[in-house]
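**Q** This is the structure I have questions about; it appears just below.
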Amino acid sequence: MTGLAGLTLAEWTAWVIVVALNAYVLFAGADFGGGVWDLFASGPRREKQRELIANAIGPIWEANHVWLIVVVVMLFVCFPPAFAAFGTILHIPLSAMLVGIVLRGSAFVFRAYSYGPRSEQRRWGRVFAISSLITPIVLGMCVGALVSGEIGSALGNLGNANISFAETFVRPWLHGFSIAVGLMTLTLFSFLAAVYLTIEAGGDTELQEDFRKRALTSAAASVLAALLALAVGAATGGVMARFISFGWTLAVLVASVLSASIAVVCLVRRRYQLARIAAAGWVTLVLWGWALAQFPAMIPPTLTIDAAAAPPATIVATLAVLVGGAVVLVPSLWYLLRVFKGRPA
């Protein structure tokens, strides 16, 4: 079933999933990054830094997981073979990620509403911060496993008694490239959070300076992690080879470099609103560059989007429900952000 611009219905649905994943990265990713800076709060304003992070995350952190729910449900309903492959081959890191999300959210609430001694609040704070540190790394490692083609290769090992458990369920996500992507994910999330927090600090110039320096540091770390991922991944061929080849993917890669440069310049010049736009653009372009390089594969190197798709009737019904839900969801999220993040009149 073919749609606009020669894309099939299944391919359009896959791009909808990318849009939802993009929203999750920009909103929930910054929340994870906030937890990282909570862990590394330092200096004479350490407690004020943590208080700012808690106030920034508090009103919206639960709502941000809506986008992850959209991604998971659409994969489950519209691309069941891919969902089964992810859940089987990556059951260890995905379980770790789920535990991290639950621990992080629980610890954040318990710390905020703890009436016990200060030491109890600090313990919950450490759980929140460490979970915020580990979870993005694991998420990035899952992406690295997908991009490298290791998931697709491991699928062929299922049912083979001569292949070890580690070869099928550990090696696909625990290798140099996946670790590099995990570190890149962590640094990008930390960068987003630091940039957002320069605006959350408002008129407190000292706190703005604290997070401006953290943003510049994490930007440098993100560039190093990205170069490492490109160097390691290019040697493996496949998706990463297409990512740096001439065409749309290279144009997106160049645009992401420009966005990163603009974000850094804006931070140096203390133009925080523009820095936020450029930072979000940088992360968005990295994500879409990956999606374009991998297209039309759902699980490289062999499982395509169309091959993994459910029947057209199922996809149409799912998209209809998604549109109906968006009529309620999008205005509600806009109003939530307007109430808690809008400037006072």
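Identifiers in this document derive from the order of the structure tokens: chains are assigned A, B, ..., residues are numbered from 1 separately in each chain, and ligands are numbered from 1 in order of occurrence.
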Going by DSSP on the backbone, which bits of segment 47-239 of chain A are helix (DSSP H, G or I)? Write them as a ChimeraX atom specification, please.
**A** /A:47-57,63-78,80-89,91-112,118-148,150-155,165-169,176-200,205-234,238-239
**Q** Using only C-alpha atoms, which protein or nucleic acid residues come within 10 Å of Val254 of chain A? Drop anything in the same chain fewer than 3 positions from it, and give the result as a list in words.
**A**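 The contact residues come out as Ile244, Trp248, Thr249, Leu250, Ala251, Val257, Leu258, Ser259, Ala260, Leu285, Val286 and Gly289 of chain A.
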**Q** How would the residues just chosen look if you wrote them out with C-alpha atoms as an mmCIF file, in the first residue's frame?
**A**
data_model
loop_
_atom_site.group_PDB
_atom_site.id
_atom_site.type_symbol
_atom_site.label_atom_id
_atom_site.label_comp_id
_atom_site.auth_asym_id
_atom_site.auth_seq_id
_atom_site.Cartn_x
_atom_site.Cartn_y
_atom_site.Cartn_z
ATOM 1 C CA ILE A 244 28.710 9.457 6.245
ATOM 2 C CA TRP A 248 20.648 13.285 2.413
ATOM 3 C CA THR A 249 22.377 11.688 5.387
ATOM 4 C CA LEU A 250 25.580 13.637 4.819
ATOM 5 C CA ALA A 251 23.571 16.863 4.458
ATOM 6 C CA VAL A 257 27.520 20.153 12.996
ATOM 7 C CA LEU A 258 26.285 23.656 12.172
ATOM 8 C CA SER A 259 23.578 23.437 14.850
ATOM 9 C CA ALA A 260 26.138 22.330 17.419
ATOM 10 C CA LEU A 285 19.343 16.191 13.342
ATOM 11 C CA VAL A 286 21.500 13.431 14.846
ATOM 12 C CA GLY A 289 20.367 11.310 10.331
#
**Q** Set out as JSON lines a contact list for segment 185-215 of chain A and segment 267-271 of chain A with a cut-off of 12 Å, giving each residue of segment 185-215 of chain A that qualifies its closest atom pair and distance in Å to one decimal, counting only C-alpha atoms, ordered by chain and rising residue number.
**A**
{"residue": "A:Phe191", "atom": "CA", "partner": "A:Leu267", "partner_atom": "CA", "distance": 11.3}
{"residue": "A:Ala194", "atom": "CA", "partner": "A:Leu267", "partner_atom": "CA", "distance": 10.5}
{"residue": "A:Val195", "atom": "CA", "partner": "A:Leu267", "partner_atom": "CA", "distance": 8.1}
{"residue": "A:Tyr196", "atom": "CA", "partner": "A:Leu267", "partner_atom": "CA", "distance": 11.3}
{"residue": "A:Thr198", "atom": "CA", "partner": "A:Arg270", "partner_atom": "CA", "distance": 9.2}
{"residue": "A:Ile199", "atom": "CA", "partner": "A:Arg271", "partner_atom": "CA", "distance": 9.8}
{"residue": "A:Thr205", "atom": "CA", "partner": "A:Arg270", "partner_atom": "CA", "distance": 10.4}
{"residue": "A:Gln208", "atom": "CA", "partner": "A:Arg270", "partner_atom": "CA", "distance": 9.1}
{"residue": "A:Glu209", "atom": "CA", "partner": "A:Arg270", "partner_atom": "CA", "distance": 9.0}
{"residue": "A:Asp210", "atom": "CA", "partner": "A:Leu267", "partner_atom": "CA", "distance": 11.9}
{"residue": "A:Phe211", "atom": "CA", "partner": "A:Leu267", "partner_atom": "CA", "distance": 10.0}
{"residue": "A:Arg212", "atom": "CA", "partner": "A:Leu267", "partner_atom": "CA", "distance": 6.5}
{"residue": "A:Lys213", "atom": "CA", "partner": "A:Leu267", "partner_atom": "CA", "distance": 8.7}
{"residue": "A:Arg214", "atom": "CA", "partner": "A:Leu267", "partner_atom": "CA", "distance": 10.5}
{"residue": "A:Ala215", "atom": "CA", "partner": "A:Leu267", "partner_atom": "CA", "distance": 7.9}
**Q** Take the residues from that selection and write them out as an mmCIF file, in the first residue's frame, keeping C-alpha atoms.
**A**
data_model
loop_
_atom_site.group_PDB
_atom_site.id
_atom_site.type_symbol
_atom_site.label_atom_id
_atom_site.label_comp_id
_atom_site.auth_asym_id
_atom_site.auth_seq_id
_atom_site.Cartn_x
_atom_site.Cartn_y
_atom_site.Cartn_z
ATOM 1 C CA PHE A 191 24.019 18.986 27.138
ATOM 2 C CA ALA A 194 22.346 22.152 30.948
ATOM 3 C CA VAL A 195 21.143 24.424 28.132
ATOM 4 C CA TYR A 196 17.529 24.202 29.292
ATOM 5 C CA THR A 198 20.308 28.182 31.890
ATOM 6 C CA ILE A 199 16.809 29.415 30.999
ATOM 7 C CA THR A 205 23.059 34.912 36.888
ATOM 8 C CA GLN A 208 23.084 30.501 34.803
ATOM 9 C CA GLU A 209 26.862 30.646 34.739
ATOM 10 C CA ASP A 210 27.093 27.287 36.522
ATOM 11 C CA PHE A 211 24.960 25.576 33.911
ATOM 12 C CA ARG A 212 26.458 27.521 31.010
ATOM 13 C CA LYS A 213 29.839 26.045 31.906
ATOM 14 C CA ARG A 214 28.318 22.592 32.222
ATOM 15 C CA ALA A 215 26.648 23.002 28.825
#
**Q** Residues of segment 103-193 of chain A within 12 Å of segment 301-320 of chain A: nearest atom pair and distance (Å, one decimal) for each, counting only C-alpha atoms, sorted by chain and number, as a tab-separated table?
**A**
residue	atom	partner	partner_atom	distance
A:Ala145	CA	A:Pro301	CA	11.8
A:Leu146	CA	A:Pro301	CA	9.4
A:Val147	CA	A:Pro301	CA	9.0
A:Ser148	CA	A:Pro301	CA	8.8
A:Gly149	CA	A:Pro301	CA	5.7
A:Glu150	CA	A:Pro301	CA	8.8
A:Ile151	CA	A:Pro301	CA	9.0
A:Gly152	CA	A:Pro301	CA	6.3
A:Ser153	CA	A:Pro301	CA	8.1
A:Ala154	CA	A:Pro301	CA	11.3
A:Leu155	CA	A:Leu303	CA	10.5
A:Gly156	CA	A:Thr302	CA	11.0
**Q** Emit the selected residues as a short mmCIF file (atom, residue, chain, number, x, y, z; two decimals), in the first residue's frame, including C-alpha atoms.
**A**
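Contents of the output file selection_28.cif:
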data_model
loop_
_atom_site.label_atom_id
_atom_site.label_comp_id
_atom_site.auth_asym_id
_atom_site.auth_seq_id
_atom_site.Cartn_x
_atom_site.Cartn_y
_atom_site.Cartn_z
CA ALA A 145 23.15 -2.72 18.77
CA LEU A 146 20.44 -1.94 16.21
CA VAL A 147 22.60 0.26 13.99
CA SER A 148 25.53 -2.15 13.99
CA GLY A 149 23.38 -4.97 12.61
CA GLU A 150 24.16 -7.19 15.60
CA ILE A 151 20.47 -7.68 16.43
CA GLY A 152 19.75 -8.95 12.95
CA SER A 153 22.71 -11.32 13.13
CA ALA A 154 21.72 -12.60 16.57
CA LEU A 155 18.22 -13.46 15.36
CA GLY A 156 19.77 -16.16 13.22
#
**Q** From the set A:Asn162, A:Ile60, A:Leu224, A:Arg123, which residue has the shortest atom-to-atom contact distance to Arg338 of chain A, counting only C-alpha atoms?
**A** A:Ile60
**Q** Which of these residues is nearest to Ser332 of chain A, using only C-alpha atoms: A:Gly33, A:Leu39, A:Leu52, A:Val66?
**A** A:Val66
**Q** Using only C-alpha atoms, can you tell me which of A:Gly87, A:Val71, A:Phe189, A:Lys48 comes closest to Asp31 of chain A?
**A**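 That would be A:Phe189, the residue with the smallest distance to Asp31 of chain A.
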**Q** Have a look at atom CA of Thr284 of chain A and atom CA of Gly325 of chain A and let me know their distance in Å, one decimal.
**A** 23.8 Å
**Q** Determine the nearest neighbour of Val70 of chain A from the options A:Ala56, A:Ile17, A:Ala297, A:Val102, counting only C-alpha atoms.
**A**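 Result for the nearest residue to Val70 of chain A: A:Ile17.
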**Q** Please, which residues of segment 147-320 of chain A, numbered as in this document, come out strand (DSSP E or B) from DSSP, as a list in words?
**A** Ala297, Met298, Ile299, Leu303 and Thr304 of chain A
**Q** I need the residues from that last selection saved to file as a short mmCIF file (atom, residue, chain, number, x, y, z; two decimals), in the first residue's frame (with N, CA and C atoms), if you can.
**A**
data_model
loop_
_atom_site.label_atom_id
_atom_site.label_comp_id
_atom_site.auth_asym_id
_atom_site.auth_seq_id
_atom_site.Cartn_x
_atom_site.Cartn_y
_atom_site.Cartn_z
N ALA A 297 15.37 -0.13 6.32
CA ALA A 297 15.51 -1.29 7.20
C ALA A 297 14.88 -0.98 8.56
N MET A 298 14.16 -1.93 9.11
CA MET A 298 13.68 -1.83 10.48
C MET A 298 14.72 -2.42 11.42
N ILE A 299 15.25 -3.58 11.06
CA ILE A 299 16.36 -4.20 11.79
C ILE A 299 17.41 -4.58 10.75
N LEU A 303 15.81 -7.19 7.78
CA LEU A 303 14.38 -6.99 8.04
C LEU A 303 13.97 -5.57 7.69
N THR A 304 13.18 -5.41 6.63
CA THR A 304 12.73 -4.08 6.20
C THR A 304 11.46 -3.67 6.95
#
